[in-house]
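So this block is upload_13.csv, CSV, C-alpha atoms:
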chain,number,residue,atom,x,y,z
A,1073,MET,CA,-111.4,160.3,108.9
A,1074,THR,CA,-109.5,158.5,106.1
A,1075,ILE,CA,-108.7,160.4,102.9
A,1076,SER,CA,-107.6,158.2,100.0
A,1077,ASP,CA,-105.4,159.5,97.3
A,1078,GLN,CA,-105.4,158.7,93.6
A,1079,PRO,CA,-102.4,157.8,91.4
A,1080,LEU,CA,-100.8,160.6,89.4
A,1081,CYS,CA,-102.2,160.3,85.9
A,1082,ILE,CA,-100.4,161.9,82.9
A,1083,ALA,CA,-101.6,161.2,79.4
A,1084,GLY,CA,-103.2,157.9,80.5
A,1085,ARG,CA,-100.1,156.7,82.4
A,1086,GLU,CA,-100.5,156.2,86.1
A,1087,PHE,CA,-97.7,156.7,88.7
A,1088,THR,CA,-97.5,156.1,92.4
A,1089,SER,CA,-94.5,158.4,93.0
A,1090,ARG,CA,-95.0,162.1,92.6
A,1091,LEU,CA,-91.3,162.8,92.3
A,1092,MET,CA,-89.6,163.0,88.9
A,1093,VAL,CA,-85.9,163.1,88.7
A,1094,GLY,CA,-83.3,164.1,86.1
A,1095,THR,CA,-80.1,162.3,85.2
A,1096,GLY,CA,-77.6,165.1,84.7
A,1097,LYS,CA,-74.7,166.4,86.9
A,1098,TYR,CA,-74.1,163.3,88.9
A,1099,ARG,CA,-70.5,162.2,89.5
A,1100,ASP,CA,-70.9,159.0,87.5
A,1101,ALA,CA,-73.4,156.5,86.3
A,1102,SER,CA,-73.2,154.5,89.5
A,1103,GLU,CA,-74.2,157.4,91.6
A,1104,THR,CA,-77.0,158.2,89.2
A,1105,ALA,CA,-78.5,154.8,89.5
A,1106,VAL,CA,-78.3,154.6,93.3
A,1107,ALA,CA,-79.8,158.1,93.7
A,1108,LEU,CA,-82.7,157.3,91.4
A,1109,GLU,CA,-83.3,154.2,93.3
A,1110,ALA,CA,-83.3,156.1,96.6
A,1111,SER,CA,-85.7,158.7,95.3
A,1112,GLY,CA,-88.4,156.2,94.5
A,1113,THR,CA,-89.1,157.9,91.2
A,1114,GLU,CA,-90.9,156.2,88.4
A,1115,VAL,CA,-90.2,158.9,85.8
A,1116,VAL,CA,-86.7,159.9,84.7
A,1117,THR,CA,-86.0,162.8,82.4
A,1118,PHE,CA,-82.9,163.3,80.3
A,1119,ALA,CA,-81.7,165.8,77.7
A,1120,VAL,CA,-81.8,164.2,74.3
A,1121,ARG,CA,-79.1,166.6,72.9
A,1122,ARG,CA,-76.7,165.8,75.7
A,1123,THR,CA,-77.2,162.2,76.5
A,1124,ASP,CA,-75.5,159.0,75.3
A,1125,LEU,CA,-78.2,156.5,74.7
A,1126,GLY,CA,-75.8,153.8,73.7
A,1127,GLN,CA,-73.4,155.3,71.1
A,1128,GLY,CA,-70.4,154.5,73.2
A,1129,ASN,CA,-68.1,156.3,75.6
A,1130,ASN,CA,-66.4,155.6,78.9
A,1131,GLU,CA,-69.6,155.5,80.8
A,1132,PRO,CA,-72.4,152.9,80.3
A,1133,PRO,CA,-75.2,154.2,78.1
A,1134,LEU,CA,-78.2,155.7,79.7
A,1135,LEU,CA,-80.6,152.9,78.9
A,1136,GLU,CA,-78.4,150.5,81.0
A,1137,VAL,CA,-78.5,152.9,84.0
A,1138,VAL,CA,-82.2,153.7,83.5
A,1139,PRO,CA,-83.8,150.7,82.0
A,1140,PRO,CA,-87.1,151.4,80.3
A,1141,SER,CA,-88.5,148.2,81.8
A,1142,ARG,CA,-88.2,149.9,85.2
A,1143,TYR,CA,-88.6,153.6,84.6
A,1144,THR,CA,-90.8,155.7,82.3
A,1145,LEU,CA,-88.4,157.8,80.3
A,1146,LEU,CA,-89.1,161.5,79.8
A,1147,PRO,CA,-86.8,162.8,77.0
A,1148,ASN,CA,-86.5,166.6,77.2
A,1149,THR,CA,-85.5,169.4,74.8
A,1150,ALA,CA,-83.0,171.1,77.1
A,1151,GLY,CA,-80.6,173.2,75.0
A,1152,CYS,CA,-83.2,174.2,72.5
A,1153,TYR,CA,-83.8,177.9,71.9
A,1154,ASP,CA,-86.5,177.8,69.2
A,1155,ALA,CA,-89.6,175.7,68.3
A,1156,ARG,CA,-87.9,174.2,65.3
A,1157,ALA,CA,-85.0,172.7,67.3
A,1158,ALA,CA,-87.4,171.5,70.0
A,1159,VAL,CA,-89.7,169.7,67.5
A,1160,ARG,CA,-86.7,168.1,65.7
A,1161,THR,CA,-85.3,166.9,69.1
A,1162,CYS,CA,-88.5,165.3,70.1
A,1163,ARG,CA,-88.8,163.5,66.8
A,1164,LEU,CA,-85.2,162.2,67.2
A,1165,ALA,CA,-86.1,160.9,70.7
A,1166,ARG,CA,-89.1,159.1,69.3
A,1167,GLU,CA,-87.0,157.4,66.7
A,1168,LEU,CA,-84.3,156.4,69.2
A,1169,LEU,CA,-86.9,155.1,71.7
A,1170,ASN,CA,-89.0,153.1,69.3
A,1171,GLY,CA,-92.0,155.3,69.1
A,1172,HIS,CA,-92.0,156.7,72.7
A,1173,ASN,CA,-94.2,159.9,72.6
A,1174,LEU,CA,-94.1,161.3,76.1
A,1175,VAL,CA,-91.8,164.3,76.1
A,1176,LYS,CA,-90.9,167.3,78.2
A,1177,LEU,CA,-90.9,170.4,76.1
A,1178,GLU,CA,-88.3,173.0,77.2
A,1179,VAL,CA,-87.6,176.0,74.9
A,1180,LEU,CA,-85.2,178.5,76.5
A,1181,GLY,CA,-85.0,182.2,76.0
A,1182,ASP,CA,-81.2,182.7,76.6
A,1183,GLU,CA,-78.2,181.0,78.0
A,1184,THR,CA,-77.8,183.3,81.0
A,1185,THR,CA,-81.2,182.9,82.7
A,1186,LEU,CA,-82.4,179.7,81.0
A,1187,TYR,CA,-85.8,181.3,81.3
A,1188,PRO,CA,-88.5,179.8,79.1
A,1189,ASN,CA,-89.3,181.5,75.8
A,1190,VAL,CA,-93.1,181.1,76.0
A,1191,VAL,CA,-93.8,182.3,72.4
A,1192,GLU,CA,-91.6,179.5,71.0
A,1193,THR,CA,-92.9,177.0,73.6
A,1194,LEU,CA,-96.5,177.6,72.5
A,1195,LYS,CA,-95.4,177.2,68.9
A,1196,ALA,CA,-93.5,174.0,69.5
A,1197,ALA,CA,-96.3,172.5,71.7
A,1198,GLU,CA,-98.9,173.0,69.0
A,1199,ALA,CA,-96.6,171.3,66.4
A,1200,LEU,CA,-95.7,168.4,68.6
A,1201,ILE,CA,-99.3,167.7,69.7
A,1202,ALA,CA,-100.4,167.7,66.1
A,1203,ASP,CA,-97.7,165.2,65.5
A,1204,GLY,CA,-99.0,162.8,68.1
A,1205,PHE,CA,-96.7,163.6,71.1
A,1206,ASP,CA,-97.9,163.8,74.7
A,1207,VAL,CA,-96.3,167.1,75.8
A,1208,MET,CA,-95.4,168.1,79.3
A,1209,ALA,CA,-94.5,171.8,79.0
A,1210,TYR,CA,-91.9,173.7,81.0
A,1211,THR,CA,-93.1,177.3,81.3
A,1212,SER,CA,-93.0,180.5,83.3
A,1213,ASP,CA,-95.3,181.0,86.2
A,1214,ASP,CA,-97.7,183.1,84.1
A,1215,PRO,CA,-101.3,181.7,84.6
A,1216,ILE,CA,-102.4,182.9,81.2
A,1217,VAL,CA,-99.6,181.1,79.4
A,1218,ALA,CA,-100.3,178.0,81.4
A,1219,ARG,CA,-104.0,178.2,80.3
A,1220,GLU,CA,-102.9,178.5,76.7
A,1221,LEU,CA,-100.7,175.5,76.9
A,1222,GLU,CA,-103.5,173.4,78.3
A,1223,ALA,CA,-105.9,174.7,75.7
A,1224,ILE,CA,-103.4,173.6,73.0
A,1225,GLY,CA,-103.5,170.1,74.5
A,1226,CYS,CA,-100.5,169.7,76.8
A,1227,CYS,CA,-100.9,166.8,79.2
A,1228,ALA,CA,-99.1,168.6,82.0
A,1229,ILE,CA,-98.1,172.1,82.9
A,1230,MET,CA,-94.7,172.6,84.5
A,1231,PRO,CA,-94.1,176.2,85.8
A,1232,LEU,CA,-90.7,177.0,87.2
A,1233,GLY,CA,-90.3,177.7,90.9
A,1234,SER,CA,-87.2,179.8,90.2
A,1235,LEU,CA,-84.4,179.7,87.6
A,1236,ILE,CA,-83.1,176.3,86.5
A,1237,GLY,CA,-80.3,175.1,88.8
A,1238,SER,CA,-80.6,178.1,91.1
A,1239,GLY,CA,-81.9,176.2,94.2
A,1240,CYS,CA,-83.9,179.4,95.2
A,1241,GLY,CA,-87.2,177.6,95.8
A,1242,ILE,CA,-90.6,178.8,94.8
A,1243,GLN,CA,-90.4,182.6,94.4
A,1244,ASN,CA,-94.0,183.2,93.4
A,1245,PRO,CA,-96.4,180.9,95.2
A,1246,TYR,CA,-99.4,183.1,94.4
A,1247,ASN,CA,-99.1,182.5,90.7
A,1248,ILE,CA,-98.4,178.8,91.2
A,1249,ARG,CA,-101.6,178.6,93.1
A,1250,LEU,CA,-103.5,180.5,90.4
A,1251,ILE,CA,-102.2,178.0,87.8
A,1252,ILE,CA,-103.2,175.0,90.0
A,1253,GLU,CA,-106.7,176.4,90.7
A,1254,ARG,CA,-107.4,176.9,86.9
A,1255,ALA,CA,-105.8,173.8,85.5
A,1256,THR,CA,-107.6,170.5,84.6
A,1257,VAL,CA,-104.3,168.7,83.8
A,1258,PRO,CA,-101.5,167.9,86.3
A,1259,VAL,CA,-99.3,170.9,87.4
A,1260,LEU,CA,-95.7,170.1,88.4
A,1261,ILE,CA,-93.0,172.4,89.7
A,1262,ASP,CA,-90.0,172.2,87.4
A,1263,ALA,CA,-86.8,174.0,88.3
A,1264,GLY,CA,-85.6,175.9,91.3
A,1265,ILE,CA,-86.2,173.4,94.1
A,1266,GLY,CA,-83.1,173.3,96.4
A,1267,THR,CA,-84.0,171.3,99.4
A,1268,ALA,CA,-86.6,169.0,100.9
A,1269,SER,CA,-88.7,171.7,102.6
A,1270,GLU,CA,-89.2,173.5,99.2
A,1271,ALA,CA,-90.4,170.2,97.6
A,1272,ALA,CA,-92.8,169.7,100.5
A,1273,TYR,CA,-94.1,173.3,100.1
A,1274,ALA,CA,-94.7,172.8,96.4
A,1275,MET,CA,-96.9,169.8,97.2
A,1276,GLU,CA,-98.7,171.7,100.0
A,1277,LEU,CA,-99.6,174.3,97.5
A,1278,GLY,CA,-101.4,171.6,95.6
A,1279,CYS,CA,-98.9,170.7,92.9
A,1280,ASP,CA,-99.5,167.2,91.5
A,1281,ALA,CA,-95.7,166.4,91.4
A,1282,VAL,CA,-92.2,167.9,91.5
A,1283,LEU,CA,-89.4,167.5,88.9
A,1284,MET,CA,-85.8,168.1,90.0
A,1285,ASN,CA,-82.2,167.3,89.1
A,1286,SER,CA,-79.7,169.8,90.6
A,1287,ALA,CA,-81.2,169.7,94.1
A,1288,ILE,CA,-80.2,166.0,94.3
A,1289,ALA,CA,-77.2,165.8,92.1
A,1290,HIS,CA,-75.5,168.9,93.6
A,1291,ALA,CA,-76.1,167.8,97.2
A,1292,ARG,CA,-73.1,166.8,99.3
A,1293,SER,CA,-74.7,163.3,99.4
A,1294,PRO,CA,-77.0,162.9,96.4
A,1295,VAL,CA,-78.3,159.5,97.7
A,1296,ILE,CA,-79.3,160.9,101.1
A,1297,MET,CA,-80.9,164.0,99.4
A,1298,ALA,CA,-82.8,161.8,97.0
A,1299,ARG,CA,-84.2,159.9,100.0
A,1300,ALA,CA,-85.1,163.2,101.7
A,1301,MET,CA,-86.9,164.5,98.6
A,1302,ARG,CA,-88.9,161.3,98.4
A,1303,ALA,CA,-90.1,161.7,102.0
A,1304,ALA,CA,-90.7,165.5,101.5
A,1305,VAL,CA,-92.9,165.0,98.4
A,1306,GLU,CA,-94.9,162.3,100.2
A,1307,ALA,CA,-95.3,164.4,103.4
A,1308,GLY,CA,-96.3,167.5,101.4
A,1309,ARG,CA,-98.9,165.5,99.5
A,1310,ASP,CA,-100.3,164.2,102.7
A,1311,ALA,CA,-100.4,167.7,104.2
A,1312,TYR,CA,-102.3,169.0,101.2
A,1313,LEU,CA,-104.8,166.2,101.3
A,1314,ALA,CA,-105.3,166.6,105.1
A,1315,GLY,CA,-105.9,170.4,104.8
A,1316,ARG,CA,-103.9,172.7,107.0
A,1317,MET,CA,-105.4,174.4,110.0
A,1318,PRO,CA,-106.5,178.1,109.4
A,1319,CYS,CA,-104.1,180.9,110.4
A,1320,ARG,CA,-105.4,183.0,113.3
A,1321,GLU,CA,-104.4,186.4,114.6
A,1322,GLN,CA,-104.9,185.3,118.2
A,1323,ALA,CA,-103.6,182.3,120.2
A,1324,GLU,CA,-106.0,179.4,120.8
A,1325,PRO,CA,-105.1,176.9,123.5
A,1326,SER,CA,-104.9,173.2,122.6
A,1327,SER,CA,-106.4,172.2,126.0
A,1328,PRO,CA,-110.0,173.1,127.1
A,1329,MET,CA,-110.3,176.2,129.3
A,1330,VAL,CA,-113.1,174.8,131.4
A,1331,GLY,CA,-112.6,172.2,134.2
A,1332,ARG,CA,-109.0,173.2,135.1
A,1333,LEU,CA,-107.6,172.5,138.5
A,1334,GLY,CA,-108.3,175.4,140.8
A,1335,ASP,CA,-111.3,176.7,138.9

Final structure tokens representation of the file:
Amino acid sequence: MTISDQPLCIAGREFTSRLMVGTGKYRDASETAVALEASGTEVVTFAVRRTDLGQGNNEPPLLEVVPPSRYTLLPNTAGCYDARAAVRTCRLARELLNGHNLVKLEVLGDETTLYPNVVETLKAAEALIADGFDVMAYTSDDPIVARELEAIGCCAIMPLGSLIGSGCGIQNPYNIRLIIERATVPVLIDAGIGTASEAAYAMELGCDAVLMNSAIAHARSPVIMARAMRAAVEAGRDAYLAGRMPCREQAEPSSPMVGRLGD
């Protein structure tokens, strides 16, 4: 039996890769470029408030490392703690990127946990969508908040697996599954993935994609880990499409019980 897959579609844009990768925390621009290549990603996210888009420093500007002709850029609002700052940051990104309107909305609650402030996230999402942005929203794993973000018009819901940069994996798979079952827009795990098995698990749960940065950039070999994450996301997607076998309380032999030698 052949099961065909469809491309990932977000706000009318189609992608073959279901792995999205960030640009922060690498040793240098060269490592960033090689790791992105190894990951096979088509969508690259970056923090507008912390990124040199070409203003000049010792490293080449981001748009040389991640050319828009090759990658879909996903500016994000990391470092914003209220709706007003997040909206202003997205508008700045749109100006810098010649009208680009696909953004990752990230409004944080505090500097210690980097947990999303869902009240400010909802407020910012509403303002941005009214202003013509396509909003992919980073949020908690609360199914009700996810539903509200979709109702506002977000083009993708991005619940955390665990705290940003923690590498603790998916702590609440039951809520993630609830979000997936109710959503009619893509659901992506954003934050908390630490290794390839966790990326595969996210896809096996039914997530449409995974976004990560630290898991690759903080690995001993980011390029090898990027390659591993690419394979894990592809394997997890295939496993989800295939449909896993049911869990049973008793053993069931793989070989037939009848017709054995000596019977």

When you look at stretch 1137-1154 of chain A with a cut-off of 7 Å (counting only C-alpha atoms), what residues show up, excluding the ones that are within fewer than 2 positions of it in the same chain? I need them as a list of chain:residue names. A:Ala1101, A:Ala1105, A:Glu1114, A:Val1115, A:Val1116, A:Thr1117, A:Phe1118, A:Ala1119, A:Val1120, A:Pro1133, A:Leu1134, A:Leu1135, A:Arg1156, A:Ala1157, A:Ala1158, A:Thr1161, A:Cys1162, A:Ala1165, A:Leu1174, A:Val1175, A:Lys1176, A:Leu1177, A:Glu1178, A:Val1179, A:Leu1180, A:Gly1181, A:Glu1192

Write the selection just made, keeping C-alpha atoms, as a PDB file, keeping the file's coordinate frame?
ATOM      1  CA  ALA A1101     -73.400 156.500  86.300  1.00  0.00           C
ATOM      2  CA  ALA A1105     -78.500 154.800  89.500  1.00  0.00           C
ATOM      3  CA  GLU A1114     -90.900 156.200  88.400  1.00  0.00           C
ATOM      4  CA  VAL A1115     -90.200 158.900  85.800  1.00  0.00           C
ATOM      5  CA  VAL A1116     -86.700 159.900  84.700  1.00  0.00           C
ATOM      6  CA  THR A1117     -86.000 162.800  82.400  1.00  0.00           C
ATOM      7  CA  PHE A1118     -82.900 163.300  80.300  1.00  0.00           C
ATOM      8  CA  ALA A1119     -81.700 165.800  77.700  1.00  0.00           C
ATOM      9  CA  VAL A1120     -81.800 164.200  74.300  1.00  0.00           C
ATOM     10  CA  PRO A1133     -75.200 154.200  78.100  1.00  0.00           C
ATOM     11  CA  LEU A1134     -78.200 155.700  79.700  1.00  0.00           C
ATOM     12  CA  LEU A1135     -80.600 152.900  78.900  1.00  0.00           C
ATOM     13  CA  ARG A1156     -87.900 174.200  65.300  1.00  0.00           C
ATOM     14  CA  ALA A1157     -85.000 172.700  67.300  1.00  0.00           C
ATOM     15  CA  ALA A1158     -87.400 171.500  70.000  1.00  0.00           C
ATOM     16  CA  THR A1161     -85.300 166.900  69.100  1.00  0.00           C
ATOM     17  CA  CYS A1162     -88.500 165.300  70.100  1.00  0.00           C
ATOM     18  CA  ALA A1165     -86.100 160.900  70.700  1.00  0.00           C
ATOM     19  CA  LEU A1174     -94.100 161.300  76.100  1.00  0.00           C
ATOM     20  CA  VAL A1175     -91.800 164.300  76.100  1.00  0.00           C
ATOM     21  CA  LYS A1176     -90.900 167.300  78.200  1.00  0.00           C
ATOM     22  CA  LEU A1177     -90.900 170.400  76.100  1.00  0.00           C
ATOM     23  CA  GLU A1178     -88.300 173.000  77.200  1.00  0.00           C
ATOM     24  CA  VAL A1179     -87.600 176.000  74.900  1.00  0.00           C
ATOM     25  CA  LEU A1180     -85.200 178.500  76.500  1.00  0.00           C
ATOM     26  CA  GLY A1181     -85.000 182.200  76.000  1.00  0.00           C
ATOM     27  CA  GLU A1192     -91.600 179.500  71.000  1.00  0.00           C
TER      28      GLU A1192
END

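Among the candidates A:Leu1277, A:Thr1184, A:Val1259, A:Arg1299, the residue lying nearest to A:Gly1315 is A:Leu1277 (atoms considered: all atoms listed in the file).
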
Report as a list of chain:residue names all protein, DNA and RNA residues lying within 10 Å of A:Ile1252, evaluated on only C-alpha atoms, omitting residues in the same chain fewer than 6 positions from it. A:Pro1215, A:Ala1218, A:Ile1229, A:Tyr1246, A:Pro1258, A:Val1259, A:Leu1260, A:Leu1277, A:Gly1278, A:Cys1279, A:Asp1280

Just how far from atom CA of A:Arg1090 is atom CA of A:His1290, in Å to one decimal?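 Distance between the two atoms: 20.7 Å.
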
What's the 9 Å shell around stretch 1208-1211 of chain A, counting only C-alpha atoms, without same-chain residues fewer than 3 positions away, as an MDAnalysis selection string? chainID A and resid 1082 1174:1179 1187:1190 1193:1194 1197 1214 1217:1218 1221 1226:1232 1261:1263

Can you report as JSON the centre and edge lengths in Å, to one decimal, of an axis-aligned box around the listed atoms of stretch 1303-1319 of chain A padded with 8 Å on each side?
{"center_x": -98.3, "center_y": 171.3, "center_z": 104.4, "size_x": 32.4, "size_y": 35.2, "size_z": 28.0}

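Considering all atoms listed in the file, the residue among A:Val1191, A:Met1275, A:Ala1298, A:Leu1168 positioned nearest to A:Ile1248 is A:Met1275.
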
Which value, in Å to one decimal, gives the distance between atom CA of A:Asp1206 and atom CA of A:Cys1081?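 The value is 12.5 Å.
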
Between A:Ile1242, A:Ala1196, A:Cys1319, A:Ile1265, single out the one closest to A:Arg1160, counting all atoms listed in the file.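 Using all atoms listed in the file, A:Arg1160 sits closest to A:Ala1196.
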
Shortest interatomic distance to A:Glu1306 - which of A:Leu1164, A:Leu1091, A:Ala1289, A:Val1106, counting only C-alpha atoms: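 Of all the options, A:Leu1091 lies closest to A:Glu1306.
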
Using atom CA of A:Thr1095 and atom CA of A:Ala1107 as the two end points, give the distance in Å to one decimal.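 Atom-to-atom, atom CA of A:Thr1095 and atom CA of A:Ala1107 are spaced 9.5 Å apart.
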
Just want the 6 Å neighbourhood of stretch 1270-1273 of chain A, counted on all atoms listed in the file, with same-chain residues fewer than 2 positions away dropped. Output as a ChimeraX atom specification. /A:1241,1265,1267-1268,1275-1276,1304-1305,1308

Could the residues in this selection be saved with C-alpha atoms as a PDB file, keeping the file's coordinate frame?
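Full text of out-v4.pdb as output:
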ATOM      1  CA  GLY A1241     -87.200 177.600  95.800  1.00  0.00           C
ATOM      2  CA  ILE A1265     -86.200 173.400  94.100  1.00  0.00           C
ATOM      3  CA  THR A1267     -84.000 171.300  99.400  1.00  0.00           C
ATOM      4  CA  ALA A1268     -86.600 169.000 100.900  1.00  0.00           C
ATOM      5  CA  MET A1275     -96.900 169.800  97.200  1.00  0.00           C
ATOM      6  CA  GLU A1276     -98.700 171.700 100.000  1.00  0.00           C
ATOM      7  CA  ALA A1304     -90.700 165.500 101.500  1.00  0.00           C
ATOM      8  CA  VAL A1305     -92.900 165.000  98.400  1.00  0.00           C
ATOM      9  CA  GLY A1308     -96.300 167.500 101.400  1.00  0.00           C
TER      10      GLY A1308
END

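Among A:Ala1281, A:Ile1075, A:Ile1251, A:Ala1307, the residue with the shortest atom-to-atom distance to A:Phe1087, counting all atoms listed in the file, is A:Ala1281.
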
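Minimum distance to A:Ser1286 across A:Met1301, A:Ala1223, A:Ala1202, A:Leu1080 (counting all atoms listed in the file) occurs at A:Met1301.
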